[in-house]
Amino acid sequence: MAALQAKKQEWTACLAKSGGVPGKCEKLEKELASMSKASGVDCCIDETVGLMRCTASGARSQGCGAEFLAMRECNRSSGRELTKEAGGGCAVAPGKAGIFASDAASLVSSAAPARSLKGMTDFGEEYAKSLGIAPGEVRF
């Protein structure tokens with residue numbers, strides 16, 4: 001376990017110096033993946049690389065939400081609470097249903113709407129109406 005932890009620290013240090021290019025640490029990544037698989041410990045390699053690639057690419061403008069969610073779930077000390085489904089949504093992880101409300105499964109299985117200026121404007125107008133602010137009215 002100590003060797004795995006040392007290898008993960010070495011890989012993390014390499015990533016920190018890579019300038020956002022995880023490919024520069026590919027040799028260490030492969031060694032860590034091999035050690036991780038042999039010991040049965042998830043070191044969040046795919047999630048880390050996926051998040052780095054997303055934030056360094058044009059997909060960053062979309063927010064990299066799926067990558068951030070995957071990274072968060074992988075790093076939970078108690079293990080993943082949500083798992084990714086084939087259709088793009090999420091599901092409550094096996095054995096974790098007890099920590100969620102009974103209707104949580106229906107909430108996590110939905111997908112977020114696509115971001116657009118029109119969508120954000122429409123939401124803002126609806127939200128303002130719910131606060132009693134008429135369209136075009138400004139309050140400070």
# chains A, B, ... in the order shown; residues from 1 in each chain; ligands from 1

$ select_by_dssp --residues "chain A" --states "strand (DSSP E)" --output "list of chain:residue names"
A:Leu82, A:Thr83, A:Lys84, A:Cys90, A:Ala91, A:Val92

$ write_last_selection --atoms "C-alpha atoms" --output "PDB file, in the first residue's frame"
ATOM      1  CA  LEU A  82     -23.673   7.805  -7.554  1.00  0.00           C
ATOM      2  CA  THR A  83     -22.692   5.791 -10.608  1.00  0.00           C
ATOM      3  CA  LYS A  84     -22.890   6.759 -14.256  1.00  0.00           C
ATOM      4  CA  CYS A  90     -26.729   8.733 -12.858  1.00  0.00           C
ATOM      5  CA  ALA A  91     -27.984   6.080 -10.481  1.00  0.00           C
ATOM      6  CA  VAL A  92     -27.626   5.570  -6.756  1.00  0.00           C
TER       7      VAL A  92
END

$ residues_around --residues "segment 41-57 of chain A" --least-positions-apart "3" --cutoff "7 Å" --atoms "only C-alpha atoms" --output "mmCIF file with all heavy atoms, in the first residue's frame"
data_model
loop_
_atom_site.group_PDB
_atom_site.id
_atom_site.type_symbol
_atom_site.label_atom_id
_atom_site.label_comp_id
_atom_site.auth_asym_id
_atom_site.auth_seq_id
_atom_site.Cartn_x
_atom_site.Cartn_y
_atom_site.Cartn_z
ATOM 1 N N GLY A 20 -1.008 20.958 -17.594
ATOM 2 C CA GLY A 20 -2.344 20.547 -18.021
ATOM 3 C C GLY A 20 -2.356 19.513 -19.127
ATOM 4 O O GLY A 20 -3.383 19.274 -19.742
ATOM 5 N N PRO A 22 -1.827 15.747 -19.446
ATOM 6 C CA PRO A 22 -1.595 14.496 -18.725
ATOM 7 C C PRO A 22 -0.761 13.477 -19.500
ATOM 8 O O PRO A 22 -0.150 12.594 -18.911
ATOM 9 C CB PRO A 22 -2.995 13.965 -18.440
ATOM 10 C CG PRO A 22 -3.886 14.657 -19.408
ATOM 11 C CD PRO A 22 -3.244 15.969 -19.719
ATOM 12 N N SER A 36 -2.494 -0.130 -9.137
ATOM 13 C CA SER A 36 -3.848 0.070 -8.629
ATOM 14 C C SER A 36 -4.715 -1.156 -8.886
ATOM 15 O O SER A 36 -5.436 -1.632 -7.998
ATOM 16 C CB SER A 36 -4.453 1.303 -9.299
ATOM 17 O OG SER A 36 -5.788 1.468 -8.950
ATOM 18 N N LYS A 37 -4.615 -1.683 -10.100
ATOM 19 C CA LYS A 37 -5.399 -2.861 -10.467
ATOM 20 C C LYS A 37 -4.980 -4.075 -9.643
ATOM 21 O O LYS A 37 -5.828 -4.831 -9.156
ATOM 22 C CB LYS A 37 -5.239 -3.149 -11.957
ATOM 23 C CG LYS A 37 -6.121 -4.261 -12.468
ATOM 24 C CD LYS A 37 -6.004 -4.419 -13.970
ATOM 25 C CE LYS A 37 -6.933 -5.505 -14.459
ATOM 26 N NZ LYS A 37 -6.839 -5.674 -15.917
ATOM 27 N N ARG A 60 -14.533 22.737 -22.320
ATOM 28 C CA ARG A 60 -14.548 23.513 -21.075
ATOM 29 C C ARG A 60 -15.692 24.524 -21.054
ATOM 30 O O ARG A 60 -16.266 24.807 -20.009
ATOM 31 C CB ARG A 60 -13.205 24.214 -20.943
ATOM 32 C CG ARG A 60 -13.063 25.093 -19.759
ATOM 33 C CD ARG A 60 -11.663 25.637 -19.735
ATOM 34 N NE ARG A 60 -11.578 26.775 -18.862
ATOM 35 C CZ ARG A 60 -10.492 27.462 -18.684
ATOM 36 N NH1 ARG A 60 -9.395 27.139 -19.323
ATOM 37 N NH2 ARG A 60 -10.478 28.484 -17.881
ATOM 38 N N CYS A 64 -17.808 21.039 -18.167
ATOM 39 C CA CYS A 64 -17.181 19.774 -17.735
ATOM 40 C C CYS A 64 -17.910 19.157 -16.538
ATOM 41 O O CYS A 64 -17.292 18.548 -15.659
ATOM 42 C CB CYS A 64 -15.702 19.980 -17.411
ATOM 43 S SG CYS A 64 -14.722 20.564 -18.806
ATOM 44 N N GLU A 67 -17.473 15.358 -15.939
ATOM 45 C CA GLU A 67 -16.121 15.042 -15.474
ATOM 46 C C GLU A 67 -15.930 15.434 -14.009
ATOM 47 O O GLU A 67 -15.307 14.689 -13.238
ATOM 48 C CB GLU A 67 -15.079 15.743 -16.355
ATOM 49 C CG GLU A 67 -15.011 15.201 -17.774
ATOM 50 C CD GLU A 67 -16.111 15.703 -18.711
ATOM 51 O OE1 GLU A 67 -16.905 16.578 -18.311
ATOM 52 O OE2 GLU A 67 -16.177 15.206 -19.841
ATOM 53 N N PHE A 68 -16.460 16.588 -13.623
ATOM 54 C CA PHE A 68 -16.366 16.995 -12.218
ATOM 55 C C PHE A 68 -17.154 16.039 -11.318
ATOM 56 O O PHE A 68 -16.692 15.675 -10.238
ATOM 57 C CB PHE A 68 -16.865 18.437 -12.024
ATOM 58 C CG PHE A 68 -15.818 19.467 -12.280
ATOM 59 C CD1 PHE A 68 -15.809 20.177 -13.459
ATOM 60 C CD2 PHE A 68 -14.832 19.724 -11.344
ATOM 61 C CE1 PHE A 68 -14.843 21.138 -13.713
ATOM 62 C CE2 PHE A 68 -13.855 20.684 -11.579
ATOM 63 C CZ PHE A 68 -13.864 21.394 -12.768
ATOM 64 N N ALA A 70 -17.808 12.865 -11.911
ATOM 65 C CA ALA A 70 -17.064 11.597 -11.852
ATOM 66 C C ALA A 70 -15.892 11.709 -10.883
ATOM 67 O O ALA A 70 -15.633 10.796 -10.087
ATOM 68 C CB ALA A 70 -16.572 11.211 -13.240
ATOM 69 N N MET A 71 -15.196 12.828 -10.921
ATOM 70 C CA MET A 71 -14.051 13.031 -10.028
ATOM 71 C C MET A 71 -14.511 13.115 -8.571
ATOM 72 O O MET A 71 -13.895 12.515 -7.684
ATOM 73 C CB MET A 71 -13.308 14.312 -10.434
ATOM 74 C CG MET A 71 -12.011 14.499 -9.732
ATOM 75 S SD MET A 71 -10.831 13.282 -10.312
ATOM 76 C CE MET A 71 -9.388 13.840 -9.454
ATOM 77 N N CYS A 74 -15.522 9.626 -7.339
ATOM 78 C CA CYS A 74 -14.371 8.743 -7.192
ATOM 79 C C CYS A 74 -13.597 9.050 -5.911
ATOM 80 O O CYS A 74 -13.036 8.158 -5.294
ATOM 81 C CB CYS A 74 -13.446 8.883 -8.403
ATOM 82 S SG CYS A 74 -12.113 7.684 -8.391
#

$ atom_distance --atom1 "atom CA of Leu131 of chain A" --atom2 "atom CA of Lys118 of chain A"
20.0 Å

$ atom_distance --atom1 "atom CA of Arg80 of chain A" --atom2 "atom CA of Gly23 of chain A"
26.4 Å

$ atom_distance --atom1 "atom CA of Glu26 of chain A" --atom2 "atom CA of Trp11 of chain A"
9.0 Å

$ closest_residue --among "A:Met120, A:Met35, A:Ala66, A:Ala86" --to "Ala2 of chain A" --atoms "only C-alpha atoms"
A:Met35

$ closest_residue --among "A:Lys7, A:Gly19, A:Arg139, A:Lys129" --to "Leu32 of chain A" --atoms "only C-alpha atoms"
A:Lys7
